Every structure is written in structure tokens, then in C-alpha cells.
Amino acid sequence: MPAQPLKGVRVLDLSRILAGPWSTQQLADLGAEVIKIEKPGAGDDTRSWGPPWLEGSQESAYYLSANRGKQSVAIDISKPEGQALIHQLLEDCDVLVENFKVGGLKKYGLDYASLKDKKPDLIYCSITGFGQDGPYAHRAGYDFMIQGMGGLMSLTGLPDSEPGGGPVKVGVAFVDVFTGLYACNAILAALFQRQQTGEGTHIDLSLLDVQVGVLANQGLNYLTSGKVPQRLGNAHPNIVPYQAFATTDGYIILAVGNDGQFQRFCKVAGQEALATDARFTSNQLRVANREVLIPLLNKLLLERTTQDWLGDLEAVGVPCGPINNLEQVFADQQVQHRNLAFELPHPQAGKVSLVSNPVRFDGKALNAKTAPPLLGEHTLQLLKDKLKLSEEQLQALVDKGIIADKKPS
């Protein structure tokens with residue numbers, strides 16, 4: 001049985017789209033009980049972000065990517081009766097995650113300032129575009145926009161001087177995913193801190209902060225040198241050769257991380273003189289002489305097929321790899337061996353294919369055992385079990401439109 005390190009932790013999830021749900025899915029995979037609050041009749045915005053849709057269901061692939069292991073409870077928090085239900089549920093929760101605009105939950109009494117005195121041990125995680133303060137705090141933030149504002153797109157794509165040059169976003173919602181991971185890390189740290197102090201905290205995470213934070217070496221390249229990094233396509237600003245090269249039948253990524261690997265590459269390529277050339281004997285020199293070396297390597301790599309290069313270079317420990325499409329990714333023997341695609345039972349479709357959490361404890365992946373929930377799938381049962389509401393009380397709430405137990409057909 002896989003470990004459930006967060007078993008017993010209860011999370012009230014008021015988030016939607018990706019960053020918040022990504023963090024709470026991580027918590028669910030780690031064993032936490034996650035109660036996803038959704039608007040009756042609509043639910044998480046991503047439920048409608050298709051195609052593609054899961055065959056036999058009304059669920060979008062986008063929604064399915066970030067919501068396994070949760071319980072969906074459809075409550076209208078714009079109404080006082082709905083707010084009262086949320087406050088009651090919160091009494092037994094350890095964590096609240098939300099991604100409303102700054103101050104957006106105050107009118108419902110669900111902002112941190114309204115809750116901290118009533119529940120001082122609450123860990124409250126706010127995810128916004130720009131944070132809880134500052135000149136942009138009132139603005140909405142979206143991943144694509146933040147990739148541009150936060151500098152990532154200035155680093156991604158071909159140089160302006162080359163055909164097809166210009167800024168390009170990353171092919172997945174990079175900032176949202178990273179923000180979800182940071183949120184999960186922060187929540188885990190806050191849970192640990194609470195064990196020592198008995199007190200909760202307000203976690204303030206912004207997409208822009210995260211984007212700037214994960215500029216990593218490129219951020220330091222600028223801060224250290226004062227020079228603005230430029231787009232290099234698939235090349236690396238600090239390592240050469242470290243990029244994609246065309247072969248006779250496709251492409252290969254060559255990722256030479258040290259001088260020994262470069263020497264072994266040159267031997268495989270039958271060009272040992274390159275390894276002793278005074279312009280290329282160290283990575284620092286290869287970076288300085290990039291414009292000379294790369295055209296030489298372009299010609300060399302075009303002499304063989306991708307598989308020929310892969311076999312010969314892997315045999316001598318030179319890091320390299322193909323550029324796979326997603327069909328090839330999920331057909332890859334290593335990906336299949338690690339069970340990175342797996343299935344869970346689904347109430348409408350029979351089963352749903354999902355991408356595994358990459359974290360393993362004692363050789364077992366930490367994945368929640370239930371599929372992403374249908375809208376309102378758990379509303380009646382959870383409110384009955386947690387709040388001890390009677391059938392008559394539940395029906396009255398349904399009749400008023402305060403709650404809903406299933407998505408309308």
C-alpha cells in the first residue's frame with residue numbers, strides 16, 4: 001500500500017483553473033483529504049476547457065489533469081446560507097487554498113483577516129497574479145501574460161536575427177504548475193511549523209513572484225553581469241555544446257556538461273582534434289567560441305542518423321536524447337516501466353487515464369486513488385457526514401439553489 005504521509009490533513013480548496021488545483025492535487029496524492037468547493041451548475045472553469053473530452057463523460061482533459069483525489073462539493077458561496085456551510089466545513093480543516101482576486105473573499109467573511117482569530121491554527125494559502133500588496137495587486141494574472149512579464153519569453157525562442165525568431169511561451173502553463181508546486185511546498189512547511197508552534201499562517205504566493213524566482217541561472221546571469229540574456233533557441237547560455245542538432249533523419253539533443261564528455265563526443269565523432277583545439281579545451285572557451293564550434297558540430301551531426309548517434313554516445317556516457325512527441329513519450333520503455341501513465345475508475349467513462357505523480361516513497365508512486373470528481377459528486381454525502389445535516393435540510397438547500405449534488409445534463 002503506498003504511503004499517505006498527509007493522511008488526516010484536511011484541505012478546503014476554493015481554487016480553480018490550474019495553479020491552486022495543481023497544489024491541492026499534490027496534497028491529495030500525498031494522502032490529504034481535499035474538499036473542492038465549486039459553483040453549482042458551472043464548477044471549475046477548466047471543466048469547459050475542451051476539446052478534448054473524456055469519451056463517455058462531460059469532463060475536459062484540462063480539468064482531469066489537476067483534480068484527482070478530491071471530493072467535489074457544489075455550494076453557492078455568494079449566498080449567506082452557502083457561506084455558513086463553508087464556515088462550518090472550515091472548522092475541521094487544516095488548510096484553505098484560494099485564488100480569488102485580492103480581497104475577493106472578504107465580502108463572504110472568508111478572507112484571512114476574518115478567519116485568523118476564529119481559527120488561529122489555520123494555514124491559509126492565497127494564490128494571485130501579483131501578490132497581496134504592491135501596485136499590481138489588484139490585477140488579474142494569467143500564465144501566458146506572466147511568462148511575458150516575468151522574462152521567460154525573452155529567453156525562449158529563436159533570436160530575432162534568425163528566421164522564425166521572436167518570443168515564444170512554454171508549451172505548458174509553466175508558471176501555474178511551478179506556482180502549484182511552490183504552494184504545496186509552502187503548505188507542507190507551514191504544517192511542520194504548526195506542529196512546533198500550534199499556529200497557522202497566511203501564505204502569499206504570486207505568479208509573477210514565482211516566474212521571477214524560477215529564472216534560476218538566467219536571473220543570476222543578468223544580476224551578476226548586468227547584461228540582458230538573449231534568446232538562443234535550443235542553445236544554453238552557459239554550456240556548449242548543449243542544444244539540439246539536426247541528424248540525417250531528425251534531431252538529437254546533445255547535452256555536454258563537462259570537458260570529459262566533450263572529449264568522448266569528439267572521439268565518437270572521429271574528430272579528436274576538436275577536443276585538443278585550443279579554442280575548445282574548456283567549457284569557458286567553448287562558450288566564448290560558440291560561433292565557431294557550433295557550425296562545425298552541425299556538419300558532424302548531419303553525417304549519421306539519430307539512432308546511430310544515440311547508441312554510440314550513450315555507450316560512452318555522453319548525455320544525449322531524442323526529441324519525442326507525446327505519442328513517443330508515452331510509448332517510451334522507461335516511461336512505461338515507471339508507470340507514468342495510469343488509470344483510475346471513472347463513474348461516467350468507466351476509466352480515465354492520468355499522468356502519475358513523479359514522487360515515489362519506497363518505490364511506490366504517491367497517487368490519489370480516486371478519479372477527478374464530477375461536479376457536486378460528493379455534496380450530499382459529505383455535508384451529511386461532516387455537518388450532520390438531515391435529508392430534509394439537504395433537500396431544502398438543493399431547492400434554494402444553495403447546493404447541487406450533480407452536474408445538470
# chains A, B, ... in the order shown; residues from 1 in each chain; ligands from 1

$ residues_around --residues "range 184-200 of chain A" --least-positions-apart "3" --cutoff "12 Å" --atoms "only C-alpha atoms" --output "NGL selection string"
:A and (5-6 or 8-11 or 19-30 or 32 or 93-97 or 112 or 115-127 or 177-181 or 203-205)

$ residues_around --residues "range 143-154 of chain A" --least-positions-apart "6" --cutoff "8 Å" --atoms "only C-alpha atoms" --output "PyMOL selection string"
chain A and resi 129+167-170+173-176+207-208+211-212+215+230-231

$ residues_around --residues "Ala246 in chain A" --least-positions-apart "3" --cutoff "10 Å" --atoms "only C-alpha atoms" --output "VMD selection string"
chain A and resid 249 to 253 297 to 306

$ write_last_selection --atoms "all heavy atoms" --output "CSV table (one decimal), in the first residue's frame"
chain,number,residue,atom,x,y,z
A,249,ASP,N,18.1,12.0,-40.2
A,249,ASP,CA,16.7,11.7,-40.2
A,249,ASP,C,15.9,12.4,-39.1
A,249,ASP,O,14.8,11.9,-38.9
A,249,ASP,CB,16.6,10.2,-40.1
A,249,ASP,CG,17.1,9.6,-38.8
A,249,ASP,OD1,17.8,10.3,-38.1
A,249,ASP,OD2,16.8,8.4,-38.5
A,250,GLY,N,16.4,13.4,-38.5
A,250,GLY,CA,15.7,14.0,-37.4
A,250,GLY,C,16.5,14.9,-36.6
A,250,GLY,O,17.3,15.7,-37.2
A,251,TYR,N,16.4,14.8,-35.3
A,251,TYR,CA,17.2,15.7,-34.4
A,251,TYR,C,17.7,14.9,-33.2
A,251,TYR,O,17.1,13.8,-32.9
A,251,TYR,CB,16.3,16.8,-33.8
A,251,TYR,CG,15.9,17.8,-34.9
A,251,TYR,CD1,14.7,17.7,-35.7
A,251,TYR,CD2,16.7,19.0,-35.1
A,251,TYR,CE1,14.4,18.6,-36.6
A,251,TYR,CE2,16.3,19.9,-36.1
A,251,TYR,CZ,15.2,19.7,-36.9
A,251,TYR,OH,14.8,20.6,-37.8
A,252,ILE,N,18.7,15.4,-32.6
A,252,ILE,CA,19.2,14.9,-31.3
A,252,ILE,C,19.6,16.0,-30.4
A,252,ILE,O,20.0,17.1,-30.9
A,252,ILE,CB,20.5,14.0,-31.6
A,252,ILE,CG1,20.9,13.3,-30.3
A,252,ILE,CG2,21.6,14.7,-32.2
A,252,ILE,CD1,22.0,12.2,-30.5
A,253,ILE,N,19.4,15.8,-29.1
A,253,ILE,CA,19.8,16.8,-28.1
A,253,ILE,C,21.2,16.3,-27.6
A,253,ILE,O,21.3,15.2,-27.1
A,253,ILE,CB,18.8,16.9,-27.0
A,253,ILE,CG1,17.5,17.6,-27.5
A,253,ILE,CG2,19.4,17.7,-25.8
A,253,ILE,CD1,16.4,17.7,-26.5
A,297,LEU,N,30.0,21.4,-35.5
A,297,LEU,CA,29.2,20.3,-35.0
A,297,LEU,C,27.9,20.1,-35.8
A,297,LEU,O,27.5,18.9,-36.0
A,297,LEU,CB,28.8,20.6,-33.5
A,297,LEU,CG,30.0,20.8,-32.5
A,297,LEU,CD1,29.5,20.9,-31.1
A,297,LEU,CD2,31.0,19.6,-32.7
A,298,ASN,N,27.4,21.1,-36.3
A,298,ASN,CA,26.2,21.0,-37.2
A,298,ASN,C,26.5,20.0,-38.4
A,298,ASN,O,25.7,19.1,-38.7
A,298,ASN,CB,25.7,22.3,-37.7
A,298,ASN,CG,24.9,23.1,-36.7
A,298,ASN,OD1,24.3,22.5,-35.8
A,298,ASN,ND2,24.9,24.4,-36.8
A,299,LYS,N,27.7,20.2,-39.0
A,299,LYS,CA,28.1,19.4,-40.1
A,299,LYS,C,28.3,17.9,-39.7
A,299,LYS,O,27.9,17.0,-40.3
A,299,LYS,CB,29.3,20.0,-40.8
A,299,LYS,CG,29.1,21.3,-41.5
A,299,LYS,CD,30.4,21.8,-42.1
A,299,LYS,CE,30.2,23.1,-42.8
A,299,LYS,NZ,31.5,23.7,-43.4
A,300,LEU,N,29.0,17.8,-38.5
A,300,LEU,CA,29.2,16.4,-38.0
A,300,LEU,C,28.0,15.6,-37.7
A,300,LEU,O,27.8,14.5,-38.1
A,300,LEU,CB,30.1,16.5,-36.7
A,300,LEU,CG,31.6,16.8,-36.8
A,300,LEU,CD1,32.2,17.0,-35.5
A,300,LEU,CD2,32.2,15.7,-37.6
A,301,LEU,N,27.0,16.3,-37.0
A,301,LEU,CA,25.8,15.6,-36.6
A,301,LEU,C,25.0,15.2,-37.8
A,301,LEU,O,24.2,14.2,-37.7
A,301,LEU,CB,25.0,16.4,-35.6
A,301,LEU,CG,25.3,16.3,-34.1
A,301,LEU,CD1,25.0,14.9,-33.6
A,301,LEU,CD2,26.8,16.7,-33.8
A,302,LEU,N,25.1,15.9,-38.9
A,302,LEU,CA,24.3,15.6,-40.1
A,302,LEU,C,24.8,14.3,-40.8
A,302,LEU,O,24.2,13.9,-41.8
A,302,LEU,CB,24.3,16.8,-41.1
A,302,LEU,CG,23.3,17.9,-40.8
A,302,LEU,CD1,23.6,19.1,-41.7
A,302,LEU,CD2,21.9,17.4,-41.0
A,303,GLU,N,25.9,13.8,-40.4
A,303,GLU,CA,26.5,12.6,-41.0
A,303,GLU,C,25.9,11.3,-40.6
A,303,GLU,O,26.1,10.3,-41.3
A,303,GLU,CB,28.0,12.6,-40.8
A,303,GLU,CG,28.8,13.7,-41.4
A,303,GLU,CD,30.3,13.7,-41.0
A,303,GLU,OE1,30.7,12.8,-40.2
A,303,GLU,OE2,31.0,14.6,-41.5
A,304,ARG,N,25.1,11.2,-39.6
A,304,ARG,CA,24.6,10.0,-39.1
A,304,ARG,C,23.1,10.1,-38.7
A,304,ARG,O,22.6,11.3,-38.5
A,304,ARG,CB,25.3,9.4,-37.9
A,304,ARG,CG,26.8,9.3,-38.1
A,304,ARG,CD,27.5,8.7,-36.8
A,304,ARG,NE,28.9,8.9,-36.8
A,304,ARG,CZ,29.7,8.4,-35.9
A,304,ARG,NH1,29.2,7.8,-34.8
A,304,ARG,NH2,31.0,8.7,-35.9
A,305,THR,N,22.4,9.0,-38.5
A,305,THR,CA,21.0,9.0,-38.0
A,305,THR,C,21.0,9.3,-36.5
A,305,THR,O,22.0,9.1,-35.8
A,305,THR,CB,20.3,7.7,-38.3
A,305,THR,OG1,20.9,6.7,-37.5
A,305,THR,CG2,20.4,7.3,-39.8
A,306,THR,N,19.8,9.7,-36.1
A,306,THR,CA,19.6,9.9,-34.6
A,306,THR,C,19.9,8.7,-33.8
A,306,THR,O,20.6,8.8,-32.8
A,306,THR,CB,18.2,10.4,-34.4
A,306,THR,OG1,17.9,11.6,-35.0
A,306,THR,CG2,17.9,10.6,-32.9

$ select_by_dssp --residues "range 27-161 of chain A" --states "helix (DSSP H, G or I)" --output "ChimeraX atom specification"
/A:27-29,45-48,61-64,80-90,106-108,112-115,143-149,152-155

$ residues_around --residues "range 271-278 of chain A" --least-positions-apart "4" --cutoff "10 Å" --atoms "only C-alpha atoms" --output "MDAnalysis selection string"
chainID A and resid 259:267 282 285:286 293 296:297 300

$ residues_around --residues "Gly134 in chain A" --least-positions-apart "2" --cutoff "12 Å" --atoms "only C-alpha atoms" --output "PyMOL selection string"
chain A and resi 102+129-132+136-139+206+208-209

$ write_last_selection --atoms "C-alpha atoms" --output "mmCIF file, in the first residue's frame"
data_model
loop_
_atom_site.group_PDB
_atom_site.id
_atom_site.type_symbol
_atom_site.label_atom_id
_atom_site.label_comp_id
_atom_site.auth_asym_id
_atom_site.auth_seq_id
_atom_site.Cartn_x
_atom_site.Cartn_y
_atom_site.Cartn_z
ATOM 1 C CA VAL A 102 -7.033 40.255 -3.589
ATOM 2 C CA GLY A 129 -1.282 37.051 -10.151
ATOM 3 C CA PHE A 130 0.783 39.664 -8.339
ATOM 4 C CA GLY A 131 0.564 39.095 -4.592
ATOM 5 C CA GLN A 132 -1.361 40.661 -1.722
ATOM 6 C CA TYR A 136 -0.265 45.478 -9.418
ATOM 7 C CA ALA A 137 -2.012 43.634 -6.574
ATOM 8 C CA HIS A 138 -5.470 44.436 -7.925
ATOM 9 C CA ARG A 139 -4.759 42.972 -11.370
ATOM 10 C CA SER A 206 2.003 35.267 -6.744
ATOM 11 C CA LEU A 208 4.878 36.913 -11.033
ATOM 12 C CA ASP A 209 6.978 36.213 -7.935
#

$ select_by_dssp --residues "range 247-350 of chain A" --states "strand (DSSP E)" --output "short mmCIF file (atom, residue, chain, number, x, y, z; two decimals) with C-alpha atoms, in the first residue's frame"
data_model
loop_
_atom_site.label_atom_id
_atom_site.label_comp_id
_atom_site.auth_asym_id
_atom_site.auth_seq_id
_atom_site.Cartn_x
_atom_site.Cartn_y
_atom_site.Cartn_z
CA TYR A 251 17.16 15.69 -34.38
CA ILE A 252 19.23 14.85 -31.33
CA ILE A 253 19.82 16.77 -28.14
CA LEU A 254 23.47 16.89 -27.16
CA ALA A 255 23.94 17.90 -23.52
CA CYS A 320 22.02 12.84 -25.34
CA GLY A 321 18.45 12.12 -26.28
CA ALA A 341 0.51 6.88 -17.31
CA PHE A 342 -2.03 5.02 -15.20
CA GLU A 343 -5.78 4.51 -15.00
CA LEU A 344 -8.43 5.05 -12.36
CA PRO A 345 -12.11 4.06 -12.38
CA HIS A 346 -14.42 6.85 -13.58
CA GLY A 350 -15.59 3.62 -16.85
#

$ residues_around --residues "range 387-401 of chain A" --least-positions-apart "6" --cutoff "10 Å" --atoms "only C-alpha atoms" --output "PyMOL selection string"
chain A and resi 40-41+74-76+79+81-82+85+88-89+379-381

$ closest_residue --among "A:Ser114, A:Thr370, A:Thr224, A:Asn234" --to "Val352 in chain A" --atoms "only C-alpha atoms"
A:Thr370

$ atom_distance --atom1 "CA of Asp13 in chain A" --atom2 "CA of Leu366 in chain A"
19.8 Å

$ atom_distance --atom1 "CA of Gly109 in chain A" --atom2 "CA of Ile37 in chain A"
15.7 Å
